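Below is run_27.cif, holding mmCIF, C-alpha atoms.
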```
data_start
loop_
_atom_site.label_atom_id
_atom_site.label_comp_id
_atom_site.auth_asym_id
_atom_site.auth_seq_id
_atom_site.Cartn_x
_atom_site.Cartn_y
_atom_site.Cartn_z
CA MET R 1430 96.82 -18.55 -21.50
CA ILE R 1431 94.49 -17.74 -18.61
CA THR R 1432 94.37 -13.98 -17.95
CA PHE R 1433 94.51 -13.35 -14.21
CA GLY R 1434 94.14 -9.85 -12.76
CA ILE R 1435 94.95 -8.73 -9.22
CA MET R 1436 93.07 -5.60 -8.16
CA SER R 1437 94.11 -3.22 -5.38
CA LEU R 1438 93.47 0.43 -4.51
CA ASN R 1439 97.06 1.30 -5.38
CA LEU R 1440 99.86 -0.59 -7.10
CA GLU R 1441 102.12 -0.63 -4.03
CA THR R 1442 99.68 -2.58 -1.84
CA GLU R 1443 101.01 -6.09 -1.02
CA ALA R 1444 103.64 -5.66 -3.77
CA PRO R 1445 106.02 -8.44 -2.55
CA TYR R 1446 103.20 -11.02 -2.21
CA ILE R 1447 101.66 -10.14 -5.58
CA THR R 1448 105.04 -10.19 -7.37
CA GLU R 1449 105.92 -13.59 -5.89
CA MET R 1450 102.55 -14.87 -7.08
CA ALA R 1451 103.12 -13.48 -10.59
CA GLU R 1452 106.52 -15.18 -10.80
CA HIS R 1453 104.80 -18.56 -10.45
CA ALA R 1454 102.07 -17.79 -13.00
CA LYS R 1455 103.76 -18.64 -16.31
CA ASP R 1456 104.55 -22.24 -15.26
CA LEU R 1457 100.82 -22.74 -14.69
CA GLY R 1458 99.79 -21.29 -18.06
CA ILE R 1459 98.65 -18.02 -16.52
CA GLU R 1460 99.34 -14.43 -17.57
CA ALA R 1461 99.36 -12.08 -14.56
CA PHE R 1462 98.18 -8.46 -14.53
CA ARG R 1463 97.61 -5.94 -11.78
CA PHE R 1464 95.57 -2.77 -11.83
CA VAL R 1465 93.45 -0.28 -9.91
CA PRO R 1466 89.71 -0.52 -10.72
CA THR R 1467 89.48 3.20 -11.59
CA ASN R 1468 91.98 2.61 -14.43
CA ILE R 1469 89.40 0.74 -16.52
CA ASN R 1470 88.28 2.85 -19.48
CA PRO R 1471 84.43 2.61 -19.45
CA ASN R 1472 84.23 3.22 -23.20
CA THR R 1473 86.87 0.82 -24.53
CA LEU R 1474 86.91 -1.59 -21.52
CA GLN R 1475 90.69 -1.48 -21.75
CA VAL R 1476 92.75 -1.29 -18.57
CA GLN R 1477 95.83 0.83 -17.90
CA GLY R 1478 97.91 -1.19 -15.47
CA LYS R 1479 100.87 -3.53 -15.25
CA LYS R 1480 101.59 -6.88 -16.87
CA PHE R 1481 104.15 -9.27 -15.43
CA ASP R 1482 107.00 -9.92 -17.87
CA ALA R 1483 108.18 -13.45 -17.14
CA GLU R 1484 111.45 -12.90 -19.01
CA LYS R 1485 112.38 -9.70 -17.15
CA LYS R 1486 110.79 -11.02 -13.93
CA ASP R 1487 109.27 -7.59 -13.43
CA TRP R 1488 106.08 -5.63 -13.95
CA VAL R 1489 105.82 -3.46 -17.06
CA ASN R 1490 103.26 -0.78 -17.92
CA ALA R 1491 100.62 -2.10 -20.29
CA GLU R 1492 97.13 -1.62 -21.69
CA PHE R 1493 95.02 -4.78 -21.78
CA PRO R 1494 91.42 -6.09 -21.80
CA ILE R 1495 89.86 -6.82 -18.40
CA PRO R 1496 91.33 -10.18 -17.31
CA ARG R 1497 88.85 -13.08 -17.24
CA ILE R 1498 89.61 -14.07 -13.64
CA LEU R 1499 90.01 -11.43 -10.94
CA TYR R 1500 91.55 -11.56 -7.47
CA ASP R 1501 90.15 -8.68 -5.44
CA ARG R 1502 92.66 -7.35 -2.89
CA CYS R 1503 91.03 -3.92 -2.48
CA PHE R 1504 90.90 -2.85 1.18
CA TYR R 1505 88.26 -0.13 1.36
CA GLY R 1506 88.27 2.81 3.75
CA GLU R 1507 86.50 6.16 3.94
CA ASP R 1508 88.80 7.80 1.36
CA GLU R 1509 87.75 9.07 -2.07
CA GLN R 1510 89.63 6.31 -3.91
CA SER R 1511 87.65 3.64 -2.05
CA LYS R 1512 84.36 5.38 -2.86
CA GLN R 1513 85.27 5.49 -6.56
CA CYS R 1514 86.46 1.87 -6.74
CA LEU R 1515 83.54 0.22 -4.91
CA PRO R 1516 80.87 0.71 -7.63
CA ILE R 1517 83.34 -0.34 -10.33
CA VAL R 1518 84.11 -3.60 -8.53
CA SER R 1519 80.37 -4.22 -8.04
CA TRP R 1520 79.88 -3.72 -11.78
CA LEU R 1521 82.71 -6.17 -12.54
CA LYS R 1522 81.06 -8.77 -10.26
CA SER R 1523 77.84 -8.48 -12.27
CA ARG R 1524 79.55 -9.26 -15.61
CA ARG R 1525 78.94 -12.77 -16.91
CA ASP R 1526 82.28 -12.91 -18.74
CA ILE R 1527 84.35 -12.29 -15.58
CA THR R 1528 84.87 -14.63 -12.63
CA PHE R 1529 86.14 -13.54 -9.21
CA LEU R 1530 88.21 -15.92 -7.08
CA GLY R 1531 86.00 -14.86 -4.18
CA TYR R 1532 83.06 -12.46 -4.01
CA GLY R 1533 83.73 -11.21 -0.49
CA LEU R 1534 81.79 -11.13 2.77
CA PRO R 1535 79.40 -8.47 4.12
CA ASN R 1536 79.83 -6.45 7.30
CA LYS R 1537 80.21 -7.92 10.79
CA LEU R 1538 76.55 -7.45 11.70
CA ASP R 1539 75.28 -9.24 8.58
CA LEU R 1540 77.73 -12.08 9.28
CA TYR R 1541 76.40 -12.42 12.81
CA GLN R 1542 72.78 -12.43 11.60
CA ALA R 1543 73.59 -15.16 9.04
CA LEU R 1544 75.29 -17.45 11.58
CA LYS R 1545 73.38 -16.84 14.82
CA ASP R 1546 70.83 -19.60 14.18
CA THR R 1547 73.30 -22.20 12.90
CA LYS R 1548 75.40 -24.94 14.52
CA LEU R 1549 78.04 -22.28 15.24
CA SER R 1550 75.77 -19.94 17.22
CA ALA R 1551 77.33 -20.95 20.57
CA TYR R 1552 80.72 -19.68 19.37
CA LEU R 1553 79.48 -16.19 18.42
CA PRO R 1554 79.69 -13.34 20.95
CA PRO R 1555 76.18 -11.82 21.32
CA THR R 1556 76.15 -8.86 18.96
CA LYS R 1557 73.86 -5.82 18.62
CA GLN R 1558 74.00 -2.71 16.50
CA VAL R 1559 74.69 0.49 18.42
CA ILE R 1560 71.69 2.70 17.68
CA ASP R 1561 72.32 5.51 20.16
CA THR R 1562 74.09 6.38 23.40
CA ALA R 1563 71.12 5.22 25.49
CA GLY R 1564 71.66 1.58 24.47
CA ILE R 1565 75.32 1.71 25.49
CA LEU R 1566 74.55 3.40 28.83
CA LYS R 1567 71.90 0.78 29.59
CA GLU R 1568 74.50 -1.98 29.21
CA LEU R 1569 77.11 -0.10 31.25
CA ASN R 1570 74.65 0.74 34.02
CA SER R 1571 73.82 -2.96 34.40
CA GLY R 1572 77.45 -3.48 35.43
CA LYS R 1573 78.62 -5.01 32.15
CA LYS R 1574 81.94 -4.31 30.50
CA ILE R 1575 81.47 -4.09 26.73
CA VAL R 1576 83.36 -3.68 23.49
CA ILE R 1577 82.26 -1.57 20.53
CA LYS R 1578 83.59 -2.14 16.99
CA PRO R 1579 82.97 -0.51 13.60
CA ILE R 1580 80.56 -2.68 11.60
CA ASN R 1581 82.90 -2.44 8.61
CA GLY R 1582 86.19 -2.34 10.55
CA SER R 1583 89.35 -4.37 9.96
CA GLN R 1584 92.82 -4.75 11.50
CA GLY R 1585 91.49 -3.72 14.91
CA TYR R 1586 90.85 -0.10 13.94
CA GLY R 1587 88.29 1.75 16.04
CA ILE R 1588 87.75 -0.92 18.72
CA TYR R 1589 87.01 0.39 22.22
CA SER R 1590 86.44 -1.32 25.56
CA LEU R 1591 83.99 0.47 27.87
CA LYS R 1592 83.43 0.07 31.61
CA LYS R 1593 81.52 2.10 34.20
CA ASN R 1594 83.05 2.74 37.65
CA ASP R 1595 80.55 4.51 39.93
CA LYS R 1596 79.79 7.68 37.93
CA SER R 1597 82.83 7.69 35.65
CA ILE R 1598 83.21 5.71 32.44
CA HIS R 1599 86.56 4.21 31.42
CA VAL R 1600 87.29 3.96 27.66
CA LYS R 1601 90.30 2.11 26.29
CA THR R 1602 91.57 1.66 22.73
CA GLU R 1603 94.82 1.19 20.82
CA LYS R 1604 96.13 3.57 18.17
CA GLN R 1605 99.49 3.50 16.37
CA LYS R 1606 100.66 0.67 18.64
CA GLN R 1607 99.89 2.70 21.79
CA ILE R 1608 97.29 1.94 24.48
CA ILE R 1609 95.07 4.99 24.95
CA SER R 1610 92.97 5.21 28.10
CA ARG R 1611 90.43 7.92 28.89
CA ILE R 1612 88.11 8.42 31.86
CA PHE R 1613 84.91 10.46 31.42
CA PRO R 1614 83.72 11.92 34.75
CA ASN R 1615 80.01 11.48 33.99
CA GLU R 1616 77.49 10.11 31.50
CA GLY R 1617 77.02 13.51 29.85
CA LYS R 1618 80.67 13.90 28.85
CA PHE R 1619 80.83 10.26 27.73
CA SER R 1620 77.63 10.61 25.64
CA GLN R 1621 79.04 13.68 23.92
CA TRP R 1622 82.16 11.73 22.90
CA LEU R 1623 80.15 8.68 21.82
CA ARG R 1624 77.76 10.72 19.67
CA SER R 1625 80.69 12.18 17.72
CA LEU R 1626 82.02 8.64 17.19
CA LEU R 1627 78.65 7.33 15.96
CA ALA R 1628 78.31 10.27 13.58
CA ARG R 1629 81.37 9.00 11.69
CA HIS R 1630 80.83 5.21 11.66
CA GLN R 1631 78.25 2.55 12.35
CA TYR R 1632 79.16 0.47 15.39
CA LEU R 1633 78.17 -2.83 16.98
CA MET R 1634 78.53 -3.85 20.62
CA GLN R 1635 79.52 -7.13 22.23
CA PRO R 1636 80.25 -8.28 25.78
CA TYR R 1637 83.89 -7.83 26.79
CA LEU R 1638 85.56 -11.25 26.78
CA GLU R 1639 88.64 -11.99 28.92
CA LEU R 1640 90.79 -13.14 25.99
CA THR R 1641 94.18 -12.78 27.69
CA ASN R 1642 96.98 -15.12 28.68
CA SER R 1643 98.65 -15.39 32.09
CA GLU R 1644 100.72 -12.25 31.32
CA LEU R 1645 97.49 -10.27 30.64
CA GLN R 1646 98.37 -10.06 26.95
CA PRO R 1647 95.43 -10.23 24.54
CA PHE R 1648 95.82 -13.18 22.19
CA ASP R 1649 93.91 -15.05 19.51
CA ILE R 1650 94.40 -17.78 16.93
CA ARG R 1651 94.49 -16.77 13.26
CA ILE R 1652 93.60 -19.59 10.87
CA LEU R 1653 93.81 -19.37 7.08
CA LEU R 1654 91.37 -21.46 5.04
CA GLN R 1655 91.55 -21.66 1.23
CA LYS R 1656 90.13 -23.69 -1.62
CA ASN R 1657 92.62 -25.93 -3.42
CA GLU R 1658 93.15 -26.78 -7.09
CA HIS R 1659 90.06 -29.05 -6.94
CA GLY R 1660 87.79 -26.40 -5.41
CA ASN R 1661 87.75 -28.02 -1.96
CA TRP R 1662 88.19 -26.16 1.31
CA GLY R 1663 91.20 -26.89 3.49
CA GLU R 1664 93.27 -25.32 6.25
CA ILE R 1665 96.55 -23.79 5.11
CA GLY R 1666 97.96 -22.94 8.53
CA ARG R 1667 97.36 -21.36 11.90
CA GLY R 1668 99.33 -19.15 14.27
CA VAL R 1669 98.85 -17.34 17.57
CA ARG R 1670 98.84 -13.53 17.75
CA ILE R 1671 99.85 -11.93 21.05
CA GLY R 1672 99.29 -8.25 21.83
CA THR R 1673 100.65 -5.75 24.33
CA SER R 1674 100.13 -6.45 28.04
CA GLY R 1675 97.09 -4.52 29.24
CA GLY R 1676 95.89 -3.86 25.69
CA ILE R 1677 92.81 -5.06 23.84
CA LEU R 1678 94.23 -6.00 20.41
CA SER R 1679 96.41 -8.84 19.17
CA ASN R 1680 96.57 -7.70 15.51
CA LEU R 1681 100.10 -7.51 14.08
CA SER R 1682 99.24 -4.09 12.62
CA ALA R 1683 98.59 -2.92 16.20
CA GLY R 1684 102.01 -4.10 17.38
CA GLY R 1685 101.19 -7.73 18.15
CA MET R 1686 103.63 -10.58 17.57
CA ALA R 1687 103.06 -14.01 16.06
CA THR R 1688 104.08 -17.36 17.50
CA ALA R 1689 103.65 -20.90 16.18
CA PHE R 1690 100.39 -22.59 17.16
CA SER R 1691 102.26 -25.83 17.95
CA GLU R 1692 104.57 -23.98 20.35
CA TRP R 1693 101.62 -22.39 22.15
CA SER R 1694 99.47 -25.54 22.27
CA THR R 1695 102.22 -27.79 23.63
CA SER R 1696 102.36 -25.55 26.71
CA LEU R 1697 98.76 -26.50 27.56
CA PRO R 1698 97.63 -29.50 29.64
CA ALA R 1699 96.90 -32.47 27.36
CA ALA R 1700 93.15 -32.55 28.07
CA ARG R 1701 92.72 -28.83 27.33
CA ARG R 1702 94.84 -29.10 24.19
CA GLU R 1703 92.66 -31.96 22.92
CA PHE R 1704 89.44 -30.06 23.72
CA ILE R 1705 90.60 -26.95 21.84
CA GLN R 1706 91.68 -29.04 18.84
CA GLN R 1707 88.30 -30.77 18.66
CA GLU R 1708 86.42 -27.47 18.93
CA LEU R 1709 88.54 -25.84 16.21
CA THR R 1710 88.02 -28.81 13.90
CA SER R 1711 84.26 -28.57 14.42
CA ILE R 1712 84.21 -24.81 13.70
CA LEU R 1713 86.48 -24.96 10.65
CA THR R 1714 84.56 -27.87 9.09
CA GLU R 1715 81.25 -26.02 9.27
CA LEU R 1716 82.16 -22.36 8.75
CA PRO R 1717 83.07 -22.16 5.01
CA HIS R 1718 79.96 -24.06 3.94
CA LEU R 1719 77.65 -22.02 6.17
CA LEU R 1720 79.10 -18.78 4.80
CA GLU R 1721 78.74 -19.90 1.18
CA ARG R 1722 75.15 -21.00 1.88
CA SER R 1723 74.28 -17.43 2.91
CA PHE R 1724 76.62 -15.41 0.71
CA LEU R 1725 78.43 -15.54 -2.62
CA PRO R 1726 81.25 -18.05 -3.26
CA LEU R 1727 84.60 -17.45 -1.57
CA PHE R 1728 88.20 -18.48 -2.16
CA GLU R 1729 89.77 -17.84 1.26
CA ILE R 1730 88.79 -16.95 4.81
CA GLY R 1731 90.90 -15.66 7.69
CA VAL R 1732 89.25 -16.86 10.92
CA ASP R 1733 90.13 -15.30 14.28
CA ILE R 1734 89.41 -17.48 17.30
CA GLY R 1735 89.52 -16.24 20.88
CA ILE R 1736 89.90 -18.44 23.95
CA ALA R 1737 88.62 -16.87 27.15
CA LYS R 1738 90.10 -17.40 30.62
CA ASN R 1739 87.10 -19.60 31.51
CA GLY R 1740 87.96 -21.91 28.57
CA SER R 1741 85.13 -20.78 26.28
CA ILE R 1742 85.95 -20.53 22.57
CA TRP R 1743 84.73 -17.66 20.38
CA ILE R 1744 84.71 -16.79 16.68
CA LEU R 1745 85.92 -13.19 16.82
CA ASP R 1746 86.11 -12.34 13.13
CA MET R 1747 85.93 -13.73 9.59
CA ASN R 1748 87.79 -11.99 6.79
CA SER R 1749 87.47 -12.75 3.07
CA LYS R 1750 90.67 -10.80 2.28
CA PRO R 1751 93.03 -12.17 4.94
CA GLY R 1752 96.67 -11.21 5.28
CA ARG R 1753 99.45 -13.78 5.34
CA LYS R 1754 101.86 -12.34 7.89
CA VAL R 1755 100.96 -14.72 10.71
CA ILE R 1756 101.38 -17.81 8.52
CA LEU R 1757 104.57 -16.56 6.84
CA GLN R 1758 106.15 -15.68 10.19
CA THR R 1759 105.22 -18.91 11.96
CA ARG R 1760 105.25 -21.37 9.03
CA PRO R 1761 107.76 -19.99 6.46
CA ASN R 1762 107.87 -23.41 4.79
CA LEU R 1763 104.35 -22.68 3.46
CA LYS R 1764 105.32 -19.63 1.40
CA GLU R 1765 105.38 -21.46 -1.96
CA LYS R 1766 101.94 -22.89 -1.23
CA LEU R 1767 100.63 -19.43 -0.36
CA TYR R 1768 101.96 -17.91 -3.59
CA CYS R 1769 100.55 -20.68 -5.80
CA ALA R 1770 97.13 -21.17 -4.16
CA PRO R 1771 95.29 -18.28 -5.92
CA LEU R 1772 96.78 -19.33 -9.27
CA LEU R 1773 95.82 -22.99 -8.86
CA TYR R 1774 92.29 -22.06 -7.90
CA ALA R 1775 92.09 -19.64 -10.85
CA LYS R 1776 93.11 -22.52 -13.11
CA TYR R 1777 90.43 -24.73 -11.58
CA LEU R 1778 87.80 -22.03 -12.20
CA SER R 1779 88.87 -21.52 -15.82
CA GLU R 1780 88.72 -25.25 -16.52
CA SER R 1781 85.45 -25.96 -14.69
CA LYS R 1782 83.76 -22.78 -16.00
CA ASP R 1783 82.08 -22.84 -12.59
CA GLN R 1784 78.61 -21.87 -13.74
CA GLU R 1785 77.27 -22.40 -10.25
CA ARG R 1786 79.02 -19.23 -9.02
CA LYS R 1787 77.37 -17.12 -11.71
CA ASN R 1788 73.95 -18.66 -11.10
CA ILE R 1789 74.20 -17.88 -7.39
CA TYR R 1790 75.21 -14.30 -8.12
CA GLU R 1791 72.43 -13.75 -10.66
CA LYS R 1792 69.91 -15.16 -8.18
CA THR R 1793 71.16 -12.64 -5.60
CA LEU R 1794 70.87 -9.74 -8.05
CA SER R 1795 67.27 -10.65 -8.87
CA HIS R 1796 66.11 -10.32 -5.25
#
```
Write-out of the structure in structure tokens:
Amino acid sequence: MITFGIMSLNLETEAPYITEMAEHAKDLGIEAFRFVPTNINPNTLQVQGKKFDAEKKDWVNAEFPIPRILYDRCFYGEDEQSKQCLPIVSWLKSRRDITFLGYGLPNKLDLYQALKDTKLSAYLPPTKQVIDTAGILKELNSGKKIVIKPINGSQGYGIYSLKKNDKSIHVKTEKQKQIISRIFPNEGKFSQWLRSLLARHQYLMQPYLELTNSELQPFDIRILLQKNEHGNWGEIGRGVRIGTSGGILSNLSAGGMATAFSEWSTSLPAARREFIQQELTSILTELPHLLERSFLPLFEIGVDIGIAKNGSIWILDMNSKPGRKVILQTRPNLKEKLYCAPLLYAKYLSESKDQERKNIYEKTLSH
């Protein structure tokens, strides 16, 4: 039996998805485990976690060796648990006897640097690191509206739109599904706020893109790419996320809703629909291979595509640990495929031994 471990920062994270996956494991000759990285005993290399009992169709407490193939679903934050788990996961990635389904992607700035001189450069919003308040004020004083995002952010957390009106500066964000708007009367007050923000997180800045529909709702296209049982990339599904009117986020976690891509695209004029389809095909064909040329091997990528009012198409984000809500809500017929995909790819890895992945990783470590 192939031993397959799913890691998360706590055992409640994504519980329904992980349990559904485990229920399909036995039929594929796979034994499923789940655990938190900090529950590995460094002396015995035994893990305290849960094993899926196929007879009971439930998880049971168990102690077991580190599974040979690992699926990393740890979503790191600034908390103590994240700080403790990160070095353990890095250590696991360095072990020659363990294979990860995917080795993850770096921060947004490193992703931009890796892709900005490739065939996809025209689809990337110009991106700079925020060094200090002076750089932001320079952009705002030139009449530009900009967006700042945490370099390591996800799910839309900590994204702000900034615009200068005469002497005042207008800042807008979304928190707990609410649009929060604040006007600073002068540069001094704004700089004070911005400095406190930069003291907590590293940020990048991009031009503000008009990514709204006719109802002024922010929207984007979420596309899920995965490798199949033969190790080849393919698209699993796509859906459209629509946010609150007047807001800046379309993420479901920020209160957005999902609609079927086919429903949205059929409302477009035929020529525009065809143009968008061709552009998406071009992006999705190139992106996985470009990412794996610069970084370690992956299993899945969530790609967020924005379409501006002027018709321009933008790659907004790439996520190596994508959620499945958009696909499950808009294409429920794909749920079995979603549950089985990590298992089928794990089986492929165990049978191919996939030495190339390890060689790439060792090469990276030596630099």
- Query: Using all atoms listed in the file, which of the listed residues (R:Asp1561, R:Asp1539, R:Asp1649, R:Glu1664) sits closest to Leu1626 in chain R?
  - Reply: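 With all atoms listed in the file as the atom set, the closest residue is R:Asp1561.
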- Choose the residue, out of R:Tyr1446, R:Tyr1500, R:Phe1619, R:Phe1704, that has the smallest atom-to-atom separation from Phe1433 in chain R; count all atoms listed in the file.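 Of R:Tyr1446, R:Tyr1500, R:Phe1619, R:Phe1704, the one nearest Phe1433 in chain R, counting all atoms listed in the file, is R:Tyr1500.
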- Could you expand the PyMOL selection byres ((chain R and resi 1603) around 8) into the explicit residues it covers here, written as a list in words?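 Residues picked by the PyMOL selection byres ((chain R and resi 1603) around 8): Ile1588, Tyr1589, Lys1601, Thr1602, Lys1604, Gln1605, Lys1606, Gln1607, Ile1608, Ile1609, Gly1676, Ile1677, Leu1678 and Ala1683 of chain R.
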- Convert the output of the PyMOL selection byres ((chain R and resi 1548) around 12) on the shown file into explicit residues, formatted as number ranges by chain. R: 1543-1547, 1549-1553, 1711-1716, 1718-1719
- What residues come out when you apply the PyMOL selection byres ((chain R and resi 1685) around 12) to this file, written as a PyMOL selection string? chain R and resi 1584-1585+1603+1605-1607+1646-1649+1669-1674+1676-1684+1686-1688+1754-1755
Based on the selection just made, write C-alpha atoms of those residues as an mmCIF file, keeping the file's coordinate frame.
```
data_model
loop_
_atom_site.group_PDB
_atom_site.id
_atom_site.type_symbol
_atom_site.label_atom_id
_atom_site.label_comp_id
_atom_site.auth_asym_id
_atom_site.auth_seq_id
_atom_site.Cartn_x
_atom_site.Cartn_y
_atom_site.Cartn_z
ATOM 1 C CA GLN R 1584 92.820 -4.750 11.500
ATOM 2 C CA GLY R 1585 91.490 -3.720 14.910
ATOM 3 C CA GLU R 1603 94.820 1.190 20.820
ATOM 4 C CA GLN R 1605 99.490 3.500 16.370
ATOM 5 C CA LYS R 1606 100.660 0.670 18.640
ATOM 6 C CA GLN R 1607 99.890 2.700 21.790
ATOM 7 C CA GLN R 1646 98.370 -10.060 26.950
ATOM 8 C CA PRO R 1647 95.430 -10.230 24.540
ATOM 9 C CA PHE R 1648 95.820 -13.180 22.190
ATOM 10 C CA ASP R 1649 93.910 -15.050 19.510
ATOM 11 C CA VAL R 1669 98.850 -17.340 17.570
ATOM 12 C CA ARG R 1670 98.840 -13.530 17.750
ATOM 13 C CA ILE R 1671 99.850 -11.930 21.050
ATOM 14 C CA GLY R 1672 99.290 -8.250 21.830
ATOM 15 C CA THR R 1673 100.650 -5.750 24.330
ATOM 16 C CA SER R 1674 100.130 -6.450 28.040
ATOM 17 C CA GLY R 1676 95.890 -3.860 25.690
ATOM 18 C CA ILE R 1677 92.810 -5.060 23.840
ATOM 19 C CA LEU R 1678 94.230 -6.000 20.410
ATOM 20 C CA SER R 1679 96.410 -8.840 19.170
ATOM 21 C CA ASN R 1680 96.570 -7.700 15.510
ATOM 22 C CA LEU R 1681 100.100 -7.510 14.080
ATOM 23 C CA SER R 1682 99.240 -4.090 12.620
ATOM 24 C CA ALA R 1683 98.590 -2.920 16.200
ATOM 25 C CA GLY R 1684 102.010 -4.100 17.380
ATOM 26 C CA MET R 1686 103.630 -10.580 17.570
ATOM 27 C CA ALA R 1687 103.060 -14.010 16.060
ATOM 28 C CA THR R 1688 104.080 -17.360 17.500
ATOM 29 C CA LYS R 1754 101.860 -12.340 7.890
ATOM 30 C CA VAL R 1755 100.960 -14.720 10.710
#
```
- Query: Pick the closest to Arg1525 in chain R from R:Lys1537, R:Arg1502, R:Arg1497, R:Lys1593: which is it, counting all atoms listed in the file?
  - Reply: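 Distance minimum relative to Arg1525 in chain R lands on R:Arg1497.
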- May I ask for the distance between CA of Gly1731 in chain R and CA of Arg1651 in chain R, given in Å to one decimal place?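 According to the coordinates, CA of Gly1731 in chain R and CA of Arg1651 in chain R are separated by 6.7 Å.
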- Quick one: of R:Asp1508, R:Asp1501, R:Glu1449, R:Glu1568, who's nearest to Trp1488 in chain R, counting all atoms listed in the file?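 Nearest to Trp1488 in chain R: R:Glu1449.
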- Task: Take CA of Leu1727 in chain R and CA of Val1465 in chain R and report the distance between them in Å, one decimal.
- Result: 21.0 Å
- With all atoms listed in the file as the atoms that count, which of R:Gln1655, R:Asn1570, R:Ser1437, R:Thr1641 lies nearest to Gly1478 in chain R?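 Among the listed residues, the smallest separation from Gly1478 in chain R belongs to R:Ser1437.
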- Message: Please report the interatomic distance between CA of Ala1770 in chain R and CA of Glu1721 in chain R in Å with one decimal.
- Response: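 Interatomic distance, CA of Ala1770 in chain R to CA of Glu1721 in chain R: 19.2 Å.
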- Item | Of the listed residues R:Ile1431, R:Leu1720, R:Leu1566, R:Leu1438, that which approaches Ile1517 in chain R most closely, counting only C-alpha atoms |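 When distances to Ile1517 in chain R are compared using only C-alpha atoms, the smallest one comes from R:Leu1438.
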- Query: Which residues, written as number ranges by chain, have at least one atom at most 9 Å from Lys1656 in chain R, with all atoms listed in the file counted and residues fewer than 3 positions away on the same chain left out?
  - Reply: R: 1659-1664, 1727-1729, 1770-1771, 1774
Write out, as a Markdown table, each residue of range 1691-1725 of chain R that has an atom at most 9 Å from range 1734-1746 of chain R, together with the closest pair of atoms and their distance in Å to one decimal, counting all atoms listed in the file, rows going by chain and rising number.
```
| residue | atom | partner | partner_atom | distance |
| --- | --- | --- | --- | --- |
| R:Arg1701 | CA | R:Gly1740 | CA | 8.5 |
| R:Ile1705 | CA | R:Ile1742 | CA | 8.0 |
| R:Glu1708 | CA | R:Ile1742 | CA | 7.9 |
| R:Leu1709 | CA | R:Ile1734 | CA | 8.5 |
| R:Ile1712 | CA | R:Ile1744 | CA | 8.6 |
```
- Message: Using only C-alpha atoms, which protein or nucleic acid residues come within 10 Å of Glu1658 in chain R? Drop anything in the same chain fewer than 6 positions from it, and give the result as a PyMOL selection string.
- Response: chain R and resi 1769-1778
Selection: 6 Å around Ser1590 in chain R, all atoms listed in the file, excl. self and same-chain fewer than 3 positions, as a PDB file with C-alpha atoms, in the frame of the given file:
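Result file follows (result.pdb):
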```pdb
ATOM      1  CA  ILE R1575      81.470  -4.090  26.730  1.00  0.00           C
ATOM      2  CA  VAL R1576      83.360  -3.680  23.490  1.00  0.00           C
ATOM      3  CA  VAL R1600      87.290   3.960  27.660  1.00  0.00           C
ATOM      4  CA  LYS R1601      90.300   2.110  26.290  1.00  0.00           C
TER       5      LYS R1601
END
```
- May I have the residues within 9 Å of Asn1748 in chain R as a PyMOL selection string, using all atoms listed in the file and disregarding those fewer than 6 positions away in the same chain? chain R and resi 1533-1534+1583+1729-1733
- Message: Can you pull out the residues contacting Glu1492 in chain R? Cut-off 8 Å, using only C-alpha atoms, and skip same-chain residues under 3 positions away; I want them as a list in words.
- Response: Gln1475, Val1476, Gln1477, Gly1478 and Lys1479 of chain R
